[in-house]
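Coordinates as given in query.cif (mmCIF, C-alpha atoms):
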```cif
data_run
loop_
_atom_site.label_atom_id
_atom_site.label_comp_id
_atom_site.auth_asym_id
_atom_site.auth_seq_id
_atom_site.Cartn_x
_atom_site.Cartn_y
_atom_site.Cartn_z
CA MET A 86 0.00 0.00 0.00
CA SER A 87 1.29 3.46 -0.92
CA LYS A 88 1.90 5.75 2.01
CA PRO A 89 0.84 9.40 1.77
CA SER A 90 3.28 12.08 2.79
CA PRO A 91 2.45 13.42 6.24
CA ALA A 92 0.06 16.36 6.16
CA ARG A 93 0.39 19.35 8.40
CA THR A 94 -2.56 19.44 10.73
CA PRO A 95 -4.41 22.76 11.21
CA ASP A 96 -2.69 23.54 14.50
CA MET A 97 0.69 23.40 12.71
CA ASP A 98 -0.24 26.29 10.44
CA ALA A 99 0.72 29.82 11.36
CA ALA A 100 -2.34 31.46 12.88
CA GLY A 101 -4.35 33.27 10.29
CA GLN A 102 -1.58 33.01 7.73
CA ALA A 103 -1.70 31.30 4.35
CA PRO A 104 0.94 31.19 1.64
CA PRO A 105 0.05 33.56 -1.22
CA ASP A 106 -0.49 30.62 -3.57
CA SER A 107 -2.96 28.82 -1.27
CA PRO A 108 -6.38 28.64 -2.94
CA LEU A 109 -9.64 28.06 -1.10
CA THR A 110 -9.32 24.37 -1.97
CA THR A 111 -6.45 23.92 0.51
CA LYS A 112 -6.78 23.89 4.28
CA GLU A 113 -4.42 26.89 4.54
CA GLY A 114 -6.42 28.93 2.06
CA TRP A 115 -9.70 27.90 3.64
CA ARG A 116 -8.59 28.81 7.16
CA HIS A 117 -7.40 32.20 5.91
CA PHE A 118 -10.80 32.77 4.24
CA VAL A 119 -12.70 31.86 7.40
CA GLY A 120 -10.59 34.14 9.58
CA HIS A 121 -10.48 37.07 7.18
CA GLU A 122 -12.81 39.95 8.03
CA PRO A 123 -12.36 43.18 6.01
CA VAL A 124 -12.05 46.11 8.42
CA PRO A 125 -13.49 49.41 7.14
CA PRO A 126 -10.76 52.05 7.16
CA ARG A 127 -11.45 55.18 9.16
CA LEU A 128 -12.66 57.97 6.89
CA LEU A 129 -10.58 61.02 7.73
CA ALA A 130 -12.19 64.42 8.17
CA ALA A 131 -11.36 67.00 5.48
CA ALA A 132 -9.15 69.01 7.83
CA GLU A 133 -7.26 65.91 8.96
CA ARG A 134 -6.81 64.71 5.39
CA ALA A 135 -5.45 68.13 4.40
CA THR A 136 -2.59 67.73 6.86
CA LEU A 137 -1.36 64.49 5.27
CA SER A 138 1.79 64.45 3.20
CA GLY A 139 1.60 63.21 -0.38
CA ARG A 140 2.98 59.81 0.61
CA GLU A 141 0.58 59.49 3.56
CA ARG A 142 -2.38 60.36 1.34
CA MET A 143 -1.30 57.73 -1.19
CA ARG A 144 -1.17 55.12 1.59
CA GLU A 145 -4.61 56.14 2.87
CA ASP A 146 -6.06 55.93 -0.66
CA GLU A 147 -4.43 52.53 -1.20
CA ARG A 148 -5.98 51.20 2.01
CA ARG A 149 -9.41 52.35 0.85
CA ARG A 150 -8.91 50.88 -2.64
CA GLU A 151 -8.01 47.52 -1.12
CA TYR A 152 -11.00 47.67 1.19
CA HIS A 153 -13.45 48.45 -1.62
CA ALA A 154 -11.97 45.76 -3.85
CA ASP A 155 -12.76 43.31 -1.04
CA LEU A 156 -16.08 44.65 0.26
CA PRO A 157 -17.70 42.47 2.96
CA MET A 158 -20.29 40.00 1.68
CA VAL A 159 -23.96 41.02 1.73
CA ASN A 160 -26.24 38.49 3.41
CA THR A 161 -28.67 37.73 0.55
CA PRO A 162 -31.91 35.70 0.86
CA THR A 163 -30.21 32.78 -0.93
CA ILE A 164 -27.30 32.77 1.53
CA ARG A 165 -29.71 32.88 4.47
CA LYS A 166 -31.75 29.97 3.09
CA VAL A 167 -28.68 27.85 2.34
CA ILE A 168 -27.27 28.39 5.84
CA ALA A 169 -30.59 27.77 7.62
CA THR A 170 -31.38 24.61 5.60
CA SER A 171 -27.88 23.19 5.92
CA ARG A 172 -27.63 23.83 9.66
CA LEU A 173 -30.85 21.87 10.15
CA LEU A 174 -29.57 19.00 8.02
CA ILE A 175 -26.27 18.93 9.92
CA GLN A 176 -28.26 18.46 13.11
CA LEU A 177 -30.45 15.74 11.57
CA ASN A 178 -27.43 13.92 10.09
CA ARG A 179 -25.37 13.92 13.26
CA ASN A 180 -26.41 10.42 14.39
CA GLN A 181 -27.26 8.97 10.98
CA ILE A 182 -25.22 5.96 9.92
CA SER A 183 -26.07 6.25 6.21
CA ALA A 184 -28.46 7.94 3.77
CA ARG A 185 -27.60 11.37 5.13
CA ARG A 186 -29.45 14.30 3.58
CA GLY A 187 -27.65 17.08 1.76
CA VAL A 188 -28.12 20.32 -0.16
CA ILE A 189 -27.66 21.17 -3.84
CA LEU A 190 -27.45 24.83 -4.83
CA SER A 191 -28.35 25.17 -8.49
CA GLY A 192 -28.63 28.17 -10.79
CA ALA A 193 -27.15 30.19 -13.61
CA SER A 194 -23.64 31.59 -13.55
CA GLY A 195 -23.33 34.81 -11.54
CA THR A 196 -26.22 34.12 -9.15
CA GLY A 197 -23.97 33.75 -6.11
CA LYS A 198 -23.81 29.95 -5.75
CA THR A 199 -20.14 29.76 -4.79
CA THR A 200 -20.57 32.71 -2.46
CA ALA A 201 -23.51 31.05 -0.71
CA LEU A 202 -21.63 27.75 -0.47
CA THR A 203 -18.49 29.31 1.01
CA GLN A 204 -20.47 31.53 3.37
CA LEU A 205 -22.24 28.41 4.63
CA GLY A 206 -18.86 26.82 5.32
CA ARG A 207 -17.53 29.95 6.98
CA ALA A 208 -20.58 30.32 9.24
CA HIS A 209 -20.40 26.67 10.26
CA GLU A 210 -16.67 26.71 10.98
CA LEU A 211 -16.92 29.91 13.05
CA ALA A 212 -19.70 28.29 15.09
CA ILE A 213 -17.55 25.19 15.67
CA ARG A 214 -14.57 27.34 16.67
CA LYS A 215 -16.76 29.16 19.17
CA ARG A 216 -17.96 25.82 20.58
CA HIS A 217 -14.43 24.39 20.78
CA PRO A 218 -12.18 27.44 21.23
CA ARG A 219 -9.12 25.47 22.41
CA ASP A 220 -9.27 22.62 19.90
CA ARG A 221 -6.88 23.72 17.17
CA SER A 222 -6.84 20.27 15.60
CA ARG A 223 -10.40 20.63 14.33
CA LEU A 224 -11.02 21.28 10.64
CA PRO A 225 -14.81 20.87 10.40
CA VAL A 226 -15.23 21.99 6.80
CA VAL A 227 -13.75 20.67 3.56
CA TYR A 228 -14.08 22.70 0.34
CA VAL A 229 -13.27 21.10 -3.02
CA THR A 230 -14.19 21.70 -6.65
CA VAL A 231 -14.98 19.05 -9.24
CA PRO A 232 -12.31 19.24 -11.96
CA PRO A 233 -13.34 19.19 -15.65
CA ALA A 234 -13.74 15.67 -17.08
CA ALA A 235 -13.33 14.32 -13.56
CA THR A 236 -12.36 10.72 -12.94
CA PRO A 237 -12.69 8.97 -9.55
CA LYS A 238 -8.96 9.36 -8.89
CA MET A 239 -8.98 13.05 -9.87
CA LEU A 240 -11.86 13.66 -7.48
CA ALA A 241 -10.17 11.77 -4.66
CA MET A 242 -7.00 13.79 -5.24
CA GLU A 243 -8.98 17.02 -4.81
CA PHE A 244 -9.93 15.89 -1.30
CA ALA A 245 -6.34 14.82 -0.61
CA ARG A 246 -4.98 18.15 -1.85
CA PHE A 247 -7.25 20.04 0.56
CA PHE A 248 -5.66 18.23 3.50
CA GLY A 249 -2.14 18.53 2.10
CA LEU A 250 -1.77 14.80 1.47
CA SER A 251 0.53 13.81 -1.37
CA PHE A 252 0.89 10.42 -3.04
CA PRO A 253 3.21 8.77 -5.54
CA THR A 254 1.95 8.82 -9.13
CA ARG A 255 1.18 5.10 -9.04
CA ALA A 256 -1.03 5.31 -5.94
CA ASN A 257 -4.42 3.75 -6.52
CA VAL A 258 -7.71 5.42 -5.72
CA THR A 259 -8.44 3.10 -2.78
CA ASP A 260 -5.25 4.19 -1.00
CA ILE A 261 -6.10 7.84 -1.57
CA VAL A 262 -9.69 7.48 -0.35
CA ASP A 263 -8.63 5.57 2.78
CA ALA A 264 -6.07 8.25 3.67
CA VAL A 265 -8.57 11.05 3.05
CA CYS A 266 -11.24 9.40 5.21
CA ALA A 267 -8.77 8.72 8.04
CA THR A 268 -7.59 12.35 7.98
CA ALA A 269 -11.17 13.68 7.84
CA ALA A 270 -12.10 11.60 10.88
CA HIS A 271 -9.01 12.82 12.76
CA VAL A 272 -9.88 16.50 12.26
CA HIS A 273 -13.65 16.03 12.84
CA VAL A 274 -14.97 17.01 9.42
CA ASP A 275 -18.77 17.31 9.50
CA LEU A 276 -19.48 19.52 6.46
CA VAL A 277 -18.19 18.89 2.93
CA LEU A 278 -18.63 21.58 0.27
CA VAL A 279 -18.34 20.47 -3.35
CA ASP A 280 -18.38 23.21 -5.99
CA GLU A 281 -18.59 23.06 -9.81
CA LEU A 282 -20.81 19.97 -9.65
CA HIS A 283 -21.85 20.50 -13.28
CA ASN A 284 -18.41 19.20 -14.27
CA LEU A 285 -19.72 15.70 -13.46
CA ASN A 286 -20.99 14.33 -16.78
CA LEU A 287 -23.08 11.26 -15.99
CA ALA A 288 -23.41 10.53 -19.70
CA THR A 289 -19.77 9.38 -19.79
CA ARG A 290 -18.32 6.36 -18.05
CA SER A 291 -15.68 8.38 -16.17
CA GLY A 292 -18.30 10.94 -15.11
CA ALA A 293 -20.64 8.26 -13.80
CA GLU A 294 -17.76 6.61 -11.93
CA ALA A 295 -16.73 9.99 -10.45
CA SER A 296 -20.32 10.47 -9.28
CA ASP A 297 -20.16 7.05 -7.62
CA GLN A 298 -16.88 8.08 -5.97
CA LEU A 299 -18.54 11.20 -4.55
CA LYS A 300 -21.39 9.06 -3.23
CA TYR A 301 -18.84 6.72 -1.65
CA PHE A 302 -17.23 9.66 0.15
CA ALA A 303 -20.68 10.65 1.39
CA GLU A 304 -21.16 7.14 2.79
CA ARG A 305 -17.70 6.93 4.37
CA LEU A 306 -17.58 10.40 5.92
CA PRO A 307 -19.98 11.20 8.80
CA ALA A 308 -20.66 14.62 7.30
CA THR A 309 -23.32 16.66 5.54
CA PHE A 310 -22.57 17.27 1.87
CA ALA A 311 -23.50 20.54 0.15
CA TYR A 312 -23.08 20.87 -3.62
CA ALA A 313 -23.22 23.83 -6.00
CA GLY A 314 -23.31 23.88 -9.79
CA ILE A 315 -24.76 25.49 -12.88
CA ASP A 316 -28.33 24.41 -13.72
CA ILE A 317 -27.91 20.99 -12.14
CA GLU A 318 -31.46 19.89 -12.99
CA SER A 319 -30.75 20.18 -16.72
CA GLN A 320 -27.36 18.41 -16.49
CA GLY A 321 -28.91 14.96 -16.10
CA LEU A 322 -27.73 14.57 -12.51
CA PHE A 323 -31.18 13.38 -11.42
CA ALA A 324 -31.67 10.96 -14.34
CA GLY A 325 -31.42 7.18 -14.15
CA THR A 326 -30.80 5.02 -11.09
CA ARG A 327 -27.95 7.18 -9.81
CA GLY A 328 -29.95 10.34 -10.36
CA ARG A 329 -33.02 9.04 -8.53
CA GLN A 330 -30.86 8.18 -5.54
CA ILE A 331 -29.37 11.69 -5.51
CA ALA A 332 -32.82 13.27 -5.89
CA GLY A 333 -34.08 11.25 -2.94
CA ARG A 334 -31.36 12.51 -0.60
CA PHE A 335 -30.82 16.15 -1.50
CA VAL A 336 -32.72 19.36 -1.03
CA VAL A 337 -32.39 21.60 -4.11
CA ILE A 338 -32.17 25.33 -3.45
CA PRO A 339 -32.43 27.47 -6.60
CA ALA A 340 -30.07 30.42 -7.04
CA ALA A 341 -31.69 32.97 -9.33
CA PRO A 342 -31.16 36.61 -10.28
CA PHE A 343 -33.06 39.15 -8.25
CA SER A 344 -36.44 40.07 -9.70
CA HIS A 345 -37.78 43.58 -10.31
CA ALA A 346 -41.39 42.70 -11.08
CA THR A 347 -43.23 43.77 -7.92
CA ASN A 348 -43.00 46.56 -5.36
CA GLU A 349 -41.64 44.04 -2.88
CA ASP A 350 -38.92 43.05 -5.39
CA HIS A 351 -38.04 46.73 -5.84
CA ALA A 352 -37.78 47.20 -2.08
CA THR A 353 -35.60 44.10 -1.66
CA TRP A 354 -33.23 45.25 -4.41
CA ARG A 355 -33.05 48.80 -3.04
CA ALA A 356 -32.24 47.42 0.41
CA LEU A 357 -29.44 45.31 -1.06
CA VAL A 358 -27.97 48.30 -2.89
CA GLY A 359 -28.38 50.38 0.26
CA THR A 360 -26.46 47.84 2.31
CA LEU A 361 -23.56 47.98 -0.15
CA GLU A 362 -23.71 51.77 -0.12
CA SER A 363 -23.46 51.84 3.67
CA MET A 364 -20.10 50.07 3.42
CA LEU A 365 -18.52 52.70 1.16
CA ARG A 366 -15.64 54.80 2.46
CA LEU A 367 -15.62 57.74 0.05
CA HIS A 368 -15.07 61.36 1.09
CA ARG A 369 -17.72 63.09 -1.04
CA HIS A 370 -20.34 60.39 -1.55
CA GLU A 371 -23.80 61.48 -0.35
CA PRO A 372 -25.67 58.64 1.43
CA GLY A 373 -28.72 57.55 -0.57
CA THR A 374 -27.23 58.48 -3.96
CA LEU A 375 -26.53 54.87 -4.90
CA THR A 376 -29.91 53.69 -3.62
CA GLU A 377 -31.61 56.25 -5.86
CA LEU A 378 -29.79 54.66 -8.79
CA SER A 379 -31.02 51.17 -7.85
CA GLU A 380 -33.22 50.85 -10.95
CA TYR A 381 -30.35 51.79 -13.26
CA ILE A 382 -28.09 49.39 -11.37
CA PHE A 383 -30.64 46.59 -11.74
CA HIS A 384 -30.67 47.01 -15.52
CA ARG A 385 -26.87 47.16 -15.66
CA THR A 386 -26.52 43.92 -13.71
CA GLY A 387 -29.63 41.95 -14.65
CA GLY A 388 -30.21 41.39 -10.94
CA MET A 389 -27.07 39.21 -10.71
CA ILE A 390 -25.40 39.48 -7.31
CA GLY A 391 -21.95 38.85 -8.80
CA SER A 392 -22.39 41.62 -11.36
CA LEU A 393 -23.73 43.99 -8.68
CA SER A 394 -20.68 43.38 -6.51
CA GLN A 395 -18.32 43.97 -9.43
CA LEU A 396 -20.12 47.17 -10.44
CA VAL A 397 -20.16 48.80 -7.01
CA ARG A 398 -16.63 47.73 -6.05
CA GLY A 399 -15.28 48.89 -9.40
CA ALA A 400 -17.03 52.25 -9.16
CA ALA A 401 -15.68 52.82 -5.64
CA VAL A 402 -12.12 52.12 -6.77
CA LEU A 403 -12.52 54.47 -9.76
CA ALA A 404 -13.96 57.18 -7.50
CA ILE A 405 -10.79 57.07 -5.41
CA GLU A 406 -8.47 56.95 -8.42
CA ASP A 407 -10.07 59.92 -10.23
CA GLU A 408 -10.38 61.80 -6.89
CA SER A 409 -14.11 62.45 -7.40
CA GLU A 410 -14.74 60.43 -4.19
CA ARG A 411 -18.38 59.76 -5.07
CA ILE A 412 -20.31 57.30 -7.22
CA THR A 413 -22.54 58.69 -9.97
CA GLU A 414 -24.39 57.11 -12.89
CA ASP A 415 -21.68 58.39 -15.24
CA LEU A 416 -19.00 56.71 -13.14
CA LEU A 417 -20.97 53.45 -12.97
CA ALA A 418 -21.17 53.50 -16.76
CA LEU A 419 -17.36 53.33 -16.92
CA VAL A 420 -17.14 50.08 -14.95
CA PRO A 421 -16.79 47.01 -17.21
CA ILE A 422 -19.27 44.24 -16.47
CA ASP A 423 -19.61 40.64 -17.59
CA PHE A 424 -21.12 39.69 -20.94
CA ALA A 425 -24.27 38.15 -19.42
CA ALA A 426 -25.05 41.41 -17.61
CA GLU A 427 -24.43 43.39 -20.81
CA GLN A 428 -26.91 41.17 -22.67
CA SER A 429 -29.46 41.65 -19.92
CA GLU A 430 -29.03 45.43 -20.08
CA GLN A 431 -29.66 45.41 -23.83
CA LEU A 432 -32.89 43.47 -23.32
CA THR A 433 -34.21 45.76 -20.60
CA ALA A 434 -32.89 49.10 -21.88
CA PRO A 435 -35.97 49.92 -24.05
CA ALA A 436 -38.31 49.43 -21.10
CA LYS A 437 -36.06 51.61 -18.95
CA ALA A 438 -36.05 54.36 -21.58
CA ASN A 439 -39.84 54.24 -21.89
CA ARG A 440 -40.27 54.67 -18.14
CA ARG A 441 -37.97 57.69 -18.19
CA ARG A 442 -39.97 59.26 -21.06
CA ARG A 443 -43.22 58.68 -19.16
CA ARG A 444 -41.72 60.30 -16.06
CA ALA A 445 -40.60 63.34 -18.08
CA ALA A 446 -44.07 63.71 -19.62
#
```

Just give me the structure of the file as structure tokens.
Amino acid sequence: MSKPSPARTPDMDAAGQAPPDSPLTTKEGWRHFVGHEPVPPRLLAAAERATLSGRERMREDERRREYHADLPMVNTPTIRKVIATSRLLIQLNRNQISARRGVILSGASGTGKTTALTQLGRAHELAIRKRHPRDRSRLPVVYVTVPPAATPKMLAMEFARFFGLSFPTRANVTDIVDAVCATAAHVHVDLVLVDELHNLNLATRSGAEASDQLKYFAERLPATFAYAGIDIESQGLFAGTRGRQIAGRFVVIPAAPFSHATNEDHATWRALVGTLESMLRLHRHEPGTLTELSEYIFHRTGGMIGSLSQLVRGAAVLAIEDESERITEDLLALVPIDFAAEQSEQLTAPAKANRRRRRAA
């Protein structure tokens, strides 16, 4: 049997530190993500700012640019539902020997699936840390992504890579799975997050076998599994014998763009924009300005949370760089957005123009 190289357990890592090349799919990167909390920089009064030297002002601006590029996450309805549902399932699964229930987050690209999945993991791990403040050996959450054209061994290696386990090239999948399961038990894993689930193609032999491997992990590990992927229902994941088994064990939570059809939808969207606006640290931005532009922002983003975040963060950075220190519609128009949001804006632009003409009349 091939022996894995010894992995560094969580308590061996420098507190709060992760190498710069550590992605979220490693324990170092994950622990850094969980512990990272953006701190809003203090907004200096005009008189105080005027006393700064050129170098000091550059440092202050750089701190604010970094803060806005990494604005804290807004707690959306989808995130709240994913966390509430998953916490209940974790409780229900705690003493289950098999057939544990899980969650699948499904929706179009840009609807915040990965964000909701990682925020679930972060909330759970912070709760576990609070419950066991002195147990540094605990690593309750695993986060992996399904690689393209995944095979069972590739999938098993993703789990191994998270823990820092390494194997010789000729190691077989059984050795890898056994080592992963032993490590997971040692660090008390009870929540497994699997992203990019749409990369599992059940129509191919390797894809079906990778799906079986994921199911085997779910049977071996005493943990709740939460998946996220693009339009999972249309990917054939629930088809056939394998699909029926998955459908019988998982709650599907849809991730969709925000709507703008009713007054309640308008109010929800305005509140979301207002929350982002309250986080801004700009010297000349008038509170409420961004909220008043919420309809324009909706059409620019198509109601996509990812596009909204990019738009507001980008505008804040530009406002600092051009020294205007406020966000306007003209400045928002300068921020590049993703192609899907651009297409959505083209579809809704005529309706927006008509409403403006009616208002003017």

**OP:** List the neighbours of Ala346 of chain A out to 12 Å using only C-alpha atoms; skip same-chain residues closer than 5 positions along the sequence, and give me the result as a ChimeraX atom specification.
**Re:** /A:351-354,380,383,388

On this structure, the PyMOL selection byres ((chain A and resi 405) around 9) would catch which residues? List them as an mmCIF file with C-alpha atoms, keeping the file's coordinate frame, sorted by chain and number.
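Listed below is the output, part.cif:
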```cif
data_model
loop_
_atom_site.group_PDB
_atom_site.id
_atom_site.type_symbol
_atom_site.label_atom_id
_atom_site.label_comp_id
_atom_site.auth_asym_id
_atom_site.auth_seq_id
_atom_site.Cartn_x
_atom_site.Cartn_y
_atom_site.Cartn_z
ATOM 1 C CA ASP A 146 -6.060 55.930 -0.660
ATOM 2 C CA GLU A 147 -4.430 52.530 -1.200
ATOM 3 C CA ARG A 149 -9.410 52.350 0.850
ATOM 4 C CA ARG A 150 -8.910 50.880 -2.640
ATOM 5 C CA LEU A 367 -15.620 57.740 0.050
ATOM 6 C CA HIS A 368 -15.070 61.360 1.090
ATOM 7 C CA ALA A 400 -17.030 52.250 -9.160
ATOM 8 C CA ALA A 401 -15.680 52.820 -5.640
ATOM 9 C CA VAL A 402 -12.120 52.120 -6.770
ATOM 10 C CA LEU A 403 -12.520 54.470 -9.760
ATOM 11 C CA ALA A 404 -13.960 57.180 -7.500
ATOM 12 C CA GLU A 406 -8.470 56.950 -8.420
ATOM 13 C CA ASP A 407 -10.070 59.920 -10.230
ATOM 14 C CA GLU A 408 -10.380 61.800 -6.890
ATOM 15 C CA SER A 409 -14.110 62.450 -7.400
ATOM 16 C CA GLU A 410 -14.740 60.430 -4.190
ATOM 17 C CA ARG A 411 -18.380 59.760 -5.070
#
```

**OP:** Using the chain letters and numbering of this document, enumerate as a VMD selection string the residues selected by the PyMOL selection byres ((chain A and resi 418) around 10).
**Re:** chain A and resid 381 to 382 385 396 400 413 to 417 419 to 422

Original post:
Applied to the shown file, which residues does the PyMOL selection byres ((chain A and resi 278-282) around 8) return, written as an MDAnalysis selection string?
Top reply: chainID A and resid 199 202:203 206 226:232 276:277 283:285 310:315 317

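Among the candidate residues A:His384, A:Arg142, A:Lys112, A:Arg223, the one lying nearest to Arg246 of chain A is A:Lys112, with distances computed using only C-alpha atoms.
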
Original post:
What is the distance between atom CA of Thr236 of chain A and atom CA of Phe252 of chain A, in Å to one decimal?
Top reply: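 Atom CA of Phe252 of chain A lies 16.5 Å from atom CA of Thr236 of chain A.
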
Original post:
What does the distance from atom CA of Glu210 of chain A to atom CA of Arg116 of chain A come to in Å, to one decimal?
Top reply: 9.2 Å

Subject >> Shortest interatomic distance to Phe323 of chain A - which of A:Ala154, A:Gln428, A:Ala208, A:Leu287, counting all atoms listed in the file >> reply: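 For Phe323 of chain A, the nearest of the candidates is A:Leu287.
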
**OP:** Take the point (-23.8, 52.3, -1.9) as written in the file and pick out every residue within 9 Å of it, counting all atoms listed in the file; give the list as number ranges by chain.
**Re:** A: 358-365, 370, 372-376, 397, 401, 412

Please determine an axis-aligned box that encloses all atoms of segment 133-137 of chain A listed in the file, with 8 Å added on each side, and express its centre and edge lengths in Å to one decimal as JSON.
```
{"center_x": -4.3, "center_y": 66.3, "center_z": 6.7, "size_x": 21.9, "size_y": 19.6, "size_z": 20.6}
```
